[in-house]
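**Q** Input: one structure, supplied below.
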Number of protein chains: 2
Amino acid sequence: MKTVGIIGAGQLARMLALAAYPLGIKTKCLSFTDENPASDVTDVIICREDDNKALKDFVNQVEVVTIETENIPLEFAKKIAADKPLYPSVETLAIAQDRLQEKQLFRSQNINTAEFFPIDSLESLKHAAKQLGFPCVLKTRFYGYDGKGQAVLTCEQDLMHAWQQLGEHPLILESFVPFELEVSLIAARNLQGQIEVYPLTRNEHQNGILRVSQAPYKHPLNELAQTQVLNLLKHLNYVGVFTVEFFIANNTLIANECAPRVHNSGHWTIEGADTSQFEQHIRAVCNLPLGSTKPKGFSLMHNCIGHMPDIEKILAIPGAHYHTYNKTPRASRKVGHVTLCGENKLEVLEQDKQITSM
Amino acid sequence: MKTVGIIGAGQLARMLALAAYPLGIKTKCLSFTDENPASDVTDVIICREDDNKALKDFVNQVEVVTIETENIPLEFAKKIAADKPLYPSVETLAIAQDRLQEKQLFRSQNINTAEFFPIDSLESLKHAAKQLGFPCVLKTRFYGYDGKGQAVLTCEQDLMHAWQQLGEHPLILESFVPFELEVSLIAARNLQGQIEVYPLTRNEHQNGILRVSQAPYKHPLNELAQTQVLNLLKHLNYVGVFTVEFFIANNTLIANECAPRVHNSGHWTIEGADTSQFEQHIRAVCNLPLGSTKPKGFSLMHNCIGHMPDIEKILAIPGAHYHTYNKTPRASRKVGHVTLCGENKLEVLEQDKQITSM
């Protein structure tokens with residue numbers, strides 16, 4: 001039986017592990033932390049990031065390695081890739097970790113992005129802000145997620161404060177995109193080059209954290225988004241599931257960031273698509289044929305932040321699917337999600353109101 | 001976190017365990033054999049059937065106990081039920097283990113069955129055969145599955161041979177039902193009395209082993225079958241998933257047997273229904289609200305007997321779902337299943353031909 005190694009053992013690894021079993025594929029996780037949502041569904045090896053022996057042991061026990069977070073040390077990724085196939089590649093990881101390279105990648109493929117400038121001094125920040133005008137957004141280039149490491153600058157007085165707050169990190173200043181809505185496009189490619197693309201998902205964030213995803217989101221830009229992501233996958237010679245988050249402003253797609261992995265906005269695919277993004281990723285990294293991405297009716301994924309809603313109330317909603325991640329409740333923490341599926345979009349949206357009020 | 005104990009650790013336990021995780025419910029299996037398909041997805045305790053200490057330990061580690069096979073010693077079931085809720089109950093297990101009591105149950109609820117006589121001697125066999133006429137079917141009352149422990153009698157000369165073959169067991173002689181087709185109906189009931197019923201599934205057997213199930217099977221008798229099973233569940237005060245296999249002959253339903261558990265003919269519900277039979281069973285025995293049983297398009301479940309087909313060929317079929325059970329290949333053994341889902345029944349049936357030819 002093939003074993004897929006996963007760096008990280010959070011909820012994404014947990015759902016990858018569950019999706020792999022029916023295919024006769026095992027998973028084994030390597031984690032640098034103590035709390036591991038995947039640990040009750042698959043093997044998890046816990047080690048320090050500099051424990052070369054543990055890494056070696058881990059790599060010896062698997063046939064291929066993938067990740068559930070792009071934020072792993074590149075040196076670590078290089079060591080893995082020296083021994084076993086690593087998907088995504090070290091090169092793609094390097095790009096996905098860095099907002100600057102990410103945007104440069106998008107631009108190189110003729111994909112719209114916000115205007116941006118790399119920032120390495122207060123001087124360069126002032127200069128860039130002048131070019132972009134206000135409001136603009138200062139972001140750390142590395143390790144940003146769920147809205148962390150960001151500051152919106154509305155006037156010159158904000159510059160110094162933001163610099164004091166973030167200036168120790170490599171930064172990027174981006175023009176502020178007055179977007180109407182946020183969408184994401186998830187696609188997968190296997191080693192043989194087969195590519196399958198899910199339909200657009202519409203995402204709503206609150207305080208930088210994804211709250212709700214709806215799919216399929218029917219929009220005239222769906223086809224363009226699919227083409228752009230398809231081209232990115234080919235350009236990167238990518239293997240696995242890949243996600244691009246876009247803004248839509250003035251009927252234009254503006255790529256915001258990418259994730260070389262399964263994505264929170266794709267959780268609806270577990271029940272809402274022919275093949276879930278988790279099974280698709282396992283298929284891709286094992287070089288198996290990819291599955292159909294066709295949606296089944298309309299799906300709405302509701303993230304559970306901080307705590308899980310009452311399971312009895314959720315399961316009393318017809319077509320509701322409850323997913324807990326086995327995590328300790330904590331403010332602003334994604335501890336699970338609920339997916340609502342149905343033929344009638346309005347009915348599903350009504351059901352979501354019930355969840356929101358719980 | 002709640003832990004559901006499962007007696008048995010075969011493929012049904014495996015799929016129950018996988019369905020339980022997203023609900024935050026753990027499973028733990030007790031097995032009397034060495035090869036346990038569930039063992040790579042959940043904890044399995046292996047013991048002898050008379051190991052009271054192991055049983056006690058197991059029961060202490062779980063909140064509720066269920067089964068994946070009705071063929072467990074009743075004494076064993078009684079010991080469990082003395083300590084923890086056991087679903088199905090000892091009384092239901094006793095009925096489901098015995099073809100005679102099973103048929104008596106059906107009759108008591110005004111459900112048609114074949115004509116039958118209990119057989120405990122060659123004399124009673126001869127007498128019953130005279131009453132029923134030929135052909136008729138001699139079956140062991142206990143421990144029959146996949147067509148084992150059965151003999152079709154076509155003439156008086158067959159009586160002695162069949163008696164020599166099966167006479168050491170308690171037996172039942174049944175009239176032969178010249179049926180047009182076989183269907184099954186799967187339903188679930190929780191402790192609060194909520195009942196949800198899946199649509200009829202059409203089943204095709206070969207050499208006594210289920211080969212293919214199709215659902216939903218639209219037939220005028222669907223409603224009657226649903227009512228009959230609903231009444232059975234109420235009558236038994238049943239908790240969990242329950243299955244009745246029917247013949248259809250002359251536009252009449254004839255109940256053949258029942259299974260107080262998830263059933264092979266319900267595997268299509270994993271992808272083909274709003275809620276899978278496995279999640280439904282877990283919900284029922286944990287007294288959670290039951291889920292919608294609505295089918296999603298048309299599904300065909302193809303049992304893999306003896307060996308798994310080539311995974312690459314299966315996954316190349318759009319809408320195909322591959323389920324291996326982690327079992328050693330062996331002739332006549334169910335080692336996995338493939339479910340084909342689609343909107344177009346004819347297309348799905350075409351795809352099934354590809355699998356049959358593999």
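In the structure tokens, chains take letters A, B, ... by order of appearance, with residues numbered from 1 within each chain and ligands from 1 in the order shown.
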Fit chain A to chain B, using all C-alpha atoms paired in sequence order for the least-squares superposition, and then show me the result as a compact mmCIF listing (two decimals) with C-alpha atoms, in the first residue's frame.

**A**
# COMPACT_ATOMS: atom_id res chain seq x y z
CA MET A 1 -15.55 12.63 22.58
CA LYS A 2 -18.07 9.82 22.32
CA THR A 3 -16.76 6.37 21.39
CA VAL A 4 -18.99 3.86 19.63
CA GLY A 5 -18.01 0.23 20.11
CA ILE A 6 -18.45 -2.04 17.11
CA ILE A 7 -18.53 -5.84 17.30
CA GLY A 8 -16.61 -6.89 14.21
CA ALA A 9 -13.89 -5.08 12.27
CA GLY A 10 -14.64 -5.84 8.65
CA GLN A 11 -15.44 -3.48 5.82
CA LEU A 12 -18.71 -2.34 7.38
CA ALA A 13 -16.90 -1.33 10.58
CA ARG A 14 -14.23 0.34 8.44
CA MET A 15 -16.79 2.51 6.67
CA LEU A 16 -18.63 3.24 9.93
CA ALA A 17 -15.35 4.45 11.46
CA LEU A 18 -14.59 6.73 8.52
CA ALA A 19 -18.10 8.19 8.65
CA ALA A 20 -17.89 8.85 12.39
CA TYR A 21 -14.75 11.02 12.42
CA PRO A 22 -16.25 14.20 10.92
CA LEU A 23 -18.96 14.06 13.60
CA GLY A 24 -16.27 14.03 16.29
CA ILE A 25 -17.21 10.46 17.19
CA LYS A 26 -14.63 7.73 17.63
CA THR A 27 -15.09 4.04 17.08
CA LYS A 28 -13.43 1.02 18.64
CA CYS A 29 -13.85 -2.48 17.25
CA LEU A 30 -13.85 -5.86 18.91
CA SER A 31 -12.89 -8.68 16.58
CA PHE A 32 -12.61 -12.45 16.86
CA THR A 33 -10.40 -12.85 13.80
CA ASP A 34 -6.93 -11.79 12.75
CA GLU A 35 -7.61 -10.02 9.48
CA ASN A 36 -9.46 -6.80 10.15
CA PRO A 37 -10.16 -4.35 7.32
CA ALA A 38 -11.05 -1.69 9.90
CA SER A 39 -7.70 -1.89 11.63
CA ASP A 40 -5.96 0.78 9.59
CA VAL A 41 -8.68 3.35 10.22
CA THR A 42 -9.61 2.70 13.86
CA ASP A 43 -8.64 0.78 17.03
CA VAL A 44 -9.33 -2.93 16.93
CA ILE A 45 -9.15 -5.19 19.97
CA ILE A 46 -8.76 -8.85 19.03
CA CYS A 47 -9.98 -11.49 21.48
CA ARG A 48 -11.65 -14.88 21.71
CA GLU A 49 -15.43 -15.03 21.94
CA ASP A 50 -15.19 -16.39 25.47
CA ASP A 51 -12.69 -13.82 26.75
CA ASN A 52 -14.86 -12.09 29.32
CA LYS A 53 -12.10 -9.84 30.54
CA ALA A 54 -11.35 -8.47 27.08
CA LEU A 55 -15.07 -7.92 26.53
CA LYS A 56 -15.37 -6.08 29.85
CA ASP A 57 -12.37 -3.88 29.00
CA PHE A 58 -13.84 -3.11 25.61
CA VAL A 59 -17.27 -2.24 26.95
CA ASN A 60 -15.67 0.03 29.56
CA GLN A 61 -13.98 2.05 26.81
CA VAL A 62 -17.11 2.86 24.82
CA GLU A 63 -20.40 4.65 25.45
CA VAL A 64 -22.62 2.58 23.19
CA VAL A 65 -22.15 -0.69 21.29
CA THR A 66 -23.28 -1.70 17.83
CA ILE A 67 -22.45 -4.53 15.42
CA GLU A 68 -21.39 -5.06 11.85
CA THR A 69 -22.69 -8.62 11.78
CA GLU A 70 -25.80 -10.07 13.39
CA ASN A 71 -24.01 -13.40 13.77
CA ILE A 72 -22.53 -12.93 17.22
CA PRO A 73 -23.26 -15.28 20.12
CA LEU A 74 -26.37 -14.13 21.97
CA GLU A 75 -24.70 -14.82 25.32
CA PHE A 76 -22.01 -12.39 24.28
CA ALA A 77 -24.59 -9.78 23.26
CA LYS A 78 -26.38 -10.19 26.60
CA LYS A 79 -23.16 -9.48 28.48
CA ILE A 80 -22.69 -6.27 26.51
CA ALA A 81 -26.29 -5.18 26.96
CA ALA A 82 -25.98 -5.64 30.72
CA ASP A 83 -23.39 -2.85 30.79
CA LYS A 84 -24.02 -0.49 27.88
CA PRO A 85 -26.74 0.33 25.37
CA LEU A 86 -26.55 -2.27 22.57
CA TYR A 87 -28.07 -1.47 19.17
CA PRO A 88 -29.54 -3.68 17.79
CA SER A 89 -31.02 -5.20 20.96
CA VAL A 90 -30.45 -8.82 21.97
CA GLU A 91 -34.07 -9.55 20.99
CA THR A 92 -33.61 -8.18 17.48
CA LEU A 93 -30.32 -10.02 17.08
CA ALA A 94 -32.04 -13.28 18.04
CA ILE A 95 -34.65 -12.73 15.34
CA ALA A 96 -32.14 -11.65 12.67
CA GLN A 97 -29.95 -14.68 13.30
CA ASP A 98 -32.77 -17.11 12.67
CA ARG A 99 -34.51 -17.41 9.32
CA LEU A 100 -37.51 -18.94 11.05
CA GLN A 101 -38.06 -16.13 13.56
CA GLU A 102 -37.32 -13.60 10.81
CA LYS A 103 -40.13 -14.97 8.67
CA GLN A 104 -42.45 -15.18 11.66
CA LEU A 105 -41.70 -11.52 12.38
CA PHE A 106 -42.54 -10.56 8.80
CA ARG A 107 -45.80 -12.51 8.94
CA SER A 108 -46.75 -10.94 12.27
CA GLN A 109 -46.49 -7.53 10.56
CA ASN A 110 -48.56 -8.63 7.53
CA ILE A 111 -45.52 -8.68 5.29
CA ASN A 112 -45.56 -11.34 2.58
CA THR A 113 -42.93 -14.08 2.69
CA ALA A 114 -42.40 -17.37 0.92
CA GLU A 115 -44.31 -20.29 2.46
CA PHE A 116 -42.14 -21.99 5.04
CA PHE A 117 -41.87 -24.88 7.49
CA PRO A 118 -39.35 -25.45 10.27
CA ILE A 119 -37.47 -28.70 9.66
CA ASP A 120 -35.94 -30.84 12.39
CA SER A 121 -36.02 -34.32 10.86
CA LEU A 122 -36.00 -36.06 7.52
CA GLU A 123 -39.64 -36.87 8.21
CA SER A 124 -40.59 -33.23 8.65
CA LEU A 125 -38.61 -32.38 5.51
CA LYS A 126 -40.52 -34.93 3.47
CA HIS A 127 -43.81 -33.74 4.89
CA ALA A 128 -43.04 -30.07 4.24
CA ALA A 129 -41.82 -30.74 0.69
CA LYS A 130 -45.10 -32.44 -0.04
CA GLN A 131 -46.99 -29.39 1.18
CA LEU A 132 -44.86 -26.86 -0.71
CA GLY A 133 -44.20 -28.84 -3.87
CA PHE A 134 -41.03 -28.57 -5.97
CA PRO A 135 -38.91 -26.61 -6.43
CA CYS A 136 -38.38 -25.53 -2.83
CA VAL A 137 -35.36 -24.33 -0.90
CA LEU A 138 -33.82 -25.89 2.19
CA LYS A 139 -31.84 -23.41 4.28
CA THR A 140 -29.98 -23.48 7.56
CA ARG A 141 -31.84 -21.30 10.05
CA PHE A 142 -28.62 -19.82 11.43
CA TYR A 143 -25.38 -18.38 10.05
CA GLY A 144 -26.31 -18.34 6.37
CA TYR A 145 -24.83 -15.60 4.20
CA ASP A 146 -23.87 -15.06 0.56
CA GLY A 147 -25.90 -18.10 -0.46
CA LYS A 148 -24.13 -20.46 1.93
CA GLY A 149 -26.09 -23.17 3.74
CA GLN A 150 -28.76 -23.46 1.06
CA ALA A 151 -29.94 -26.17 -1.31
CA VAL A 152 -32.56 -25.91 -4.01
CA LEU A 153 -34.67 -29.08 -4.15
CA THR A 154 -36.18 -29.88 -7.52
CA CYS A 155 -37.58 -33.37 -6.93
CA GLU A 156 -38.04 -36.03 -4.25
CA GLN A 157 -34.65 -37.53 -5.06
CA ASP A 158 -32.98 -34.31 -3.84
CA LEU A 159 -34.40 -34.62 -0.33
CA MET A 160 -32.02 -37.23 1.02
CA HIS A 161 -28.95 -35.61 -0.43
CA ALA A 162 -29.87 -32.20 0.97
CA TRP A 163 -30.67 -33.76 4.34
CA GLN A 164 -27.28 -35.45 4.45
CA GLN A 165 -25.63 -32.19 3.56
CA LEU A 166 -27.48 -29.86 5.95
CA GLY A 167 -29.40 -32.12 8.35
CA GLU A 168 -27.12 -31.54 11.30
CA HIS A 169 -28.31 -27.90 11.50
CA PRO A 170 -31.72 -26.49 12.43
CA LEU A 171 -33.41 -25.93 9.07
CA ILE A 172 -36.24 -24.19 7.32
CA LEU A 173 -37.86 -25.27 4.08
CA GLU A 174 -39.16 -22.43 1.94
CA SER A 175 -41.26 -22.40 -1.20
CA PHE A 176 -39.27 -21.30 -4.22
CA VAL A 177 -40.13 -17.75 -5.24
CA PRO A 178 -39.92 -17.33 -9.04
CA PHE A 179 -39.01 -13.70 -8.61
CA GLU A 180 -38.48 -11.14 -11.34
CA LEU A 181 -36.07 -9.07 -9.35
CA GLU A 182 -34.54 -8.44 -5.96
CA VAL A 183 -34.65 -5.15 -4.10
CA SER A 184 -33.71 -3.91 -0.67
CA LEU A 185 -35.01 -1.15 1.51
CA ILE A 186 -32.73 0.54 4.03
CA ALA A 187 -34.07 2.71 6.80
CA ALA A 188 -32.90 4.12 10.11
CA ARG A 189 -34.51 5.00 13.41
CA ASN A 190 -33.00 6.84 16.35
CA LEU A 191 -33.86 6.55 20.04
CA GLN A 192 -36.28 9.47 19.80
CA GLY A 193 -38.23 7.59 17.16
CA GLN A 194 -37.22 9.66 14.13
CA ILE A 195 -37.28 7.40 11.07
CA GLU A 196 -35.69 8.10 7.68
CA VAL A 197 -36.08 5.72 4.75
CA TYR A 198 -33.86 5.42 1.68
CA PRO A 199 -35.42 4.74 -1.71
CA LEU A 200 -35.58 1.16 -3.03
CA THR A 201 -32.32 -0.32 -4.27
CA ARG A 202 -32.32 -2.96 -6.99
CA ASN A 203 -29.86 -5.81 -6.40
CA GLU A 204 -28.36 -8.42 -8.70
CA HIS A 205 -26.73 -11.51 -7.26
CA GLN A 206 -24.45 -14.08 -8.87
CA ASN A 207 -23.83 -17.39 -7.12
CA GLY A 208 -25.53 -15.98 -4.05
CA ILE A 209 -23.21 -12.97 -3.80
CA LEU A 210 -24.40 -9.41 -4.38
CA ARG A 211 -22.79 -8.12 -7.58
CA VAL A 212 -24.51 -4.85 -8.41
CA SER A 213 -26.90 -2.47 -6.67
CA GLN A 214 -28.72 0.35 -8.43
CA ALA A 215 -30.52 3.23 -6.73
CA PRO A 216 -32.89 4.88 -6.66
CA TYR A 217 -34.90 2.06 -8.20
CA LYS A 218 -38.17 3.62 -9.22
CA HIS A 219 -40.94 1.07 -8.78
CA PRO A 220 -44.62 1.34 -7.84
CA LEU A 221 -43.93 -0.86 -4.78
CA ASN A 222 -41.41 1.62 -3.33
CA GLU A 223 -44.00 3.21 -1.06
CA LEU A 224 -45.32 -0.10 0.26
CA ALA A 225 -41.78 -1.32 0.99
CA GLN A 226 -41.07 1.91 2.86
CA THR A 227 -44.25 1.56 4.91
CA GLN A 228 -43.53 -2.07 5.76
CA VAL A 229 -39.99 -1.37 6.95
CA LEU A 230 -41.14 1.68 8.87
CA ASN A 231 -43.67 -0.48 10.71
CA LEU A 232 -41.03 -3.10 11.46
CA LEU A 233 -38.74 -0.46 12.98
CA LYS A 234 -41.53 0.80 15.21
CA HIS A 235 -42.59 -2.71 16.17
CA LEU A 236 -39.03 -3.65 17.15
CA ASN A 237 -38.44 -0.30 18.88
CA TYR A 238 -35.36 -0.43 16.72
CA VAL A 239 -32.33 1.90 16.86
CA GLY A 240 -29.85 2.09 13.97
CA VAL A 241 -29.87 1.26 10.28
CA PHE A 242 -32.04 -1.69 9.26
CA THR A 243 -32.30 -3.46 5.91
CA VAL A 244 -34.95 -5.70 4.41
CA GLU A 245 -34.35 -7.69 1.24
CA PHE A 246 -37.43 -8.32 -0.86
CA PHE A 247 -38.23 -10.32 -3.95
CA ILE A 248 -40.62 -8.80 -6.43
CA ALA A 249 -42.84 -11.44 -8.08
CA ASN A 250 -46.17 -10.82 -9.84
CA ASN A 251 -46.01 -7.20 -8.76
CA THR A 252 -45.92 -8.28 -5.14
CA LEU A 253 -43.30 -7.64 -2.46
CA ILE A 254 -42.06 -10.80 -0.76
CA ALA A 255 -39.72 -10.21 2.16
CA ASN A 256 -36.75 -12.56 2.03
CA GLU A 257 -34.57 -11.55 4.96
CA CYS A 258 -33.55 -8.64 7.13
CA ALA A 259 -30.25 -7.34 8.47
CA PRO A 260 -30.16 -5.19 11.62
CA ARG A 261 -27.22 -3.14 10.34
CA VAL A 262 -25.73 -1.22 7.44
CA HIS A 263 -25.90 -3.35 4.32
CA ASN A 264 -23.86 -4.06 1.22
CA SER A 265 -26.74 -2.87 -0.94
CA GLY A 266 -26.51 0.55 0.73
CA HIS A 267 -22.89 1.34 -0.11
CA TRP A 268 -24.08 3.59 -2.93
CA THR A 269 -25.34 6.04 -0.29
CA ILE A 270 -21.76 7.17 0.48
CA GLU A 271 -21.70 9.28 -2.66
CA GLY A 272 -25.23 8.79 -3.93
CA ALA A 273 -27.39 10.07 -1.07
CA ASP A 274 -27.47 13.20 1.07
CA THR A 275 -26.44 11.13 4.10
CA SER A 276 -24.58 7.82 3.83
CA GLN A 277 -25.99 4.75 5.59
CA PHE A 278 -22.80 4.69 7.66
CA GLU A 279 -23.17 8.24 8.97
CA GLN A 280 -26.88 7.56 9.44
CA HIS A 281 -26.17 4.52 11.62
CA ILE A 282 -23.66 6.45 13.73
CA ARG A 283 -26.19 9.27 14.11
CA ALA A 284 -28.92 6.80 15.10
CA VAL A 285 -26.97 4.89 17.76
CA CYS A 286 -25.68 8.19 19.21
CA ASN A 287 -29.27 9.49 19.23
CA LEU A 288 -28.47 12.40 16.94
CA PRO A 289 -30.99 13.71 14.41
CA LEU A 290 -31.05 11.56 11.27
CA GLY A 291 -30.03 13.02 7.93
CA SER A 292 -31.80 13.36 4.63
CA THR A 293 -31.89 10.14 2.59
CA LYS A 294 -32.50 11.92 -0.71
CA PRO A 295 -30.59 10.34 -3.61
CA LYS A 296 -28.25 12.49 -5.71
CA GLY A 297 -28.87 11.44 -9.29
CA PHE A 298 -28.48 7.76 -10.14
CA SER A 299 -25.93 5.45 -8.50
CA LEU A 300 -24.65 2.00 -9.29
CA MET A 301 -22.55 0.07 -6.80
CA HIS A 302 -20.36 -2.66 -8.25
CA ASN A 303 -18.98 -5.18 -5.76
CA CYS A 304 -15.37 -6.22 -6.34
CA ILE A 305 -15.26 -9.98 -5.77
CA GLY A 306 -11.98 -11.83 -5.38
CA HIS A 307 -9.74 -8.93 -6.35
CA MET A 308 -9.84 -5.17 -6.92
CA PRO A 309 -9.92 -3.91 -10.50
CA ASP A 310 -7.02 -1.72 -11.64
CA ILE A 311 -7.37 1.57 -9.74
CA GLU A 312 -6.07 3.62 -12.67
CA LYS A 313 -8.72 2.24 -14.99
CA ILE A 314 -11.49 2.80 -12.45
CA LEU A 315 -10.51 6.37 -11.61
CA ALA A 316 -10.31 7.21 -15.30
CA ILE A 317 -14.11 6.76 -15.40
CA PRO A 318 -15.75 10.11 -14.61
CA GLY A 319 -17.91 9.88 -11.49
CA ALA A 320 -16.34 6.58 -10.36
CA HIS A 321 -15.55 6.14 -6.68
CA TYR A 322 -13.08 3.47 -5.63
CA HIS A 323 -13.38 1.77 -2.25
CA THR A 324 -10.89 -0.88 -1.25
CA TYR A 325 -11.30 -2.69 2.06
CA ASN A 326 -7.68 -3.55 2.71
CA LYS A 327 -8.42 -7.28 2.42
CA THR A 328 -6.29 -10.10 1.11
CA PRO A 329 -7.62 -11.10 -2.33
CA ARG A 330 -9.37 -14.49 -2.31
CA ALA A 331 -11.92 -16.10 -4.61
CA SER A 332 -15.56 -15.16 -3.80
CA ARG A 333 -14.42 -12.58 -1.25
CA LYS A 334 -15.78 -9.04 -1.28
CA VAL A 335 -12.60 -6.98 -1.29
CA GLY A 336 -14.05 -3.60 -2.22
CA HIS A 337 -16.62 -1.80 -4.30
CA VAL A 338 -16.85 0.86 -6.96
CA THR A 339 -19.72 3.32 -7.07
CA LEU A 340 -20.67 5.10 -10.28
CA CYS A 341 -22.74 8.26 -9.91
CA GLY A 342 -24.32 10.39 -12.57
CA GLU A 343 -27.43 12.20 -13.69
CA ASN A 344 -27.93 9.91 -16.68
CA LYS A 345 -28.81 6.31 -15.81
CA LEU A 346 -27.97 4.94 -19.27
CA GLU A 347 -24.53 6.57 -19.15
CA VAL A 348 -23.86 5.01 -15.75
CA LEU A 349 -24.96 1.59 -16.98
CA GLU A 350 -22.56 1.97 -19.95
CA GLN A 351 -19.72 2.80 -17.55
CA ASP A 352 -20.54 -0.30 -15.53
CA LYS A 353 -19.97 -2.43 -18.63
CA GLN A 354 -16.40 -1.13 -18.69
CA ILE A 355 -15.88 -2.32 -15.11
CA THR A 356 -17.43 -5.70 -15.80
CA SER A 357 -15.00 -6.20 -18.68
CA MET A 358 -11.92 -5.36 -16.58

**Q** Select from region 38-259 of chain A everything DSSP, run on the backbone, classes as strand (DSSP E), then give the selection as number ranges by chain.

**A** A: 43-46, 64-67, 86-87, 116-119, 136-140, 150-153, 171-175, 181-189, 195-197, 201-206, 209-215, 240-249, 252-259

**Q** What residues in region 83-268 of chain B get the DSSP label alpha helix (DSSP H)? Please answer as a PyMOL selection string.

**A** chain B and resi 83+90-97+99-108+122-132+156-166+222-236
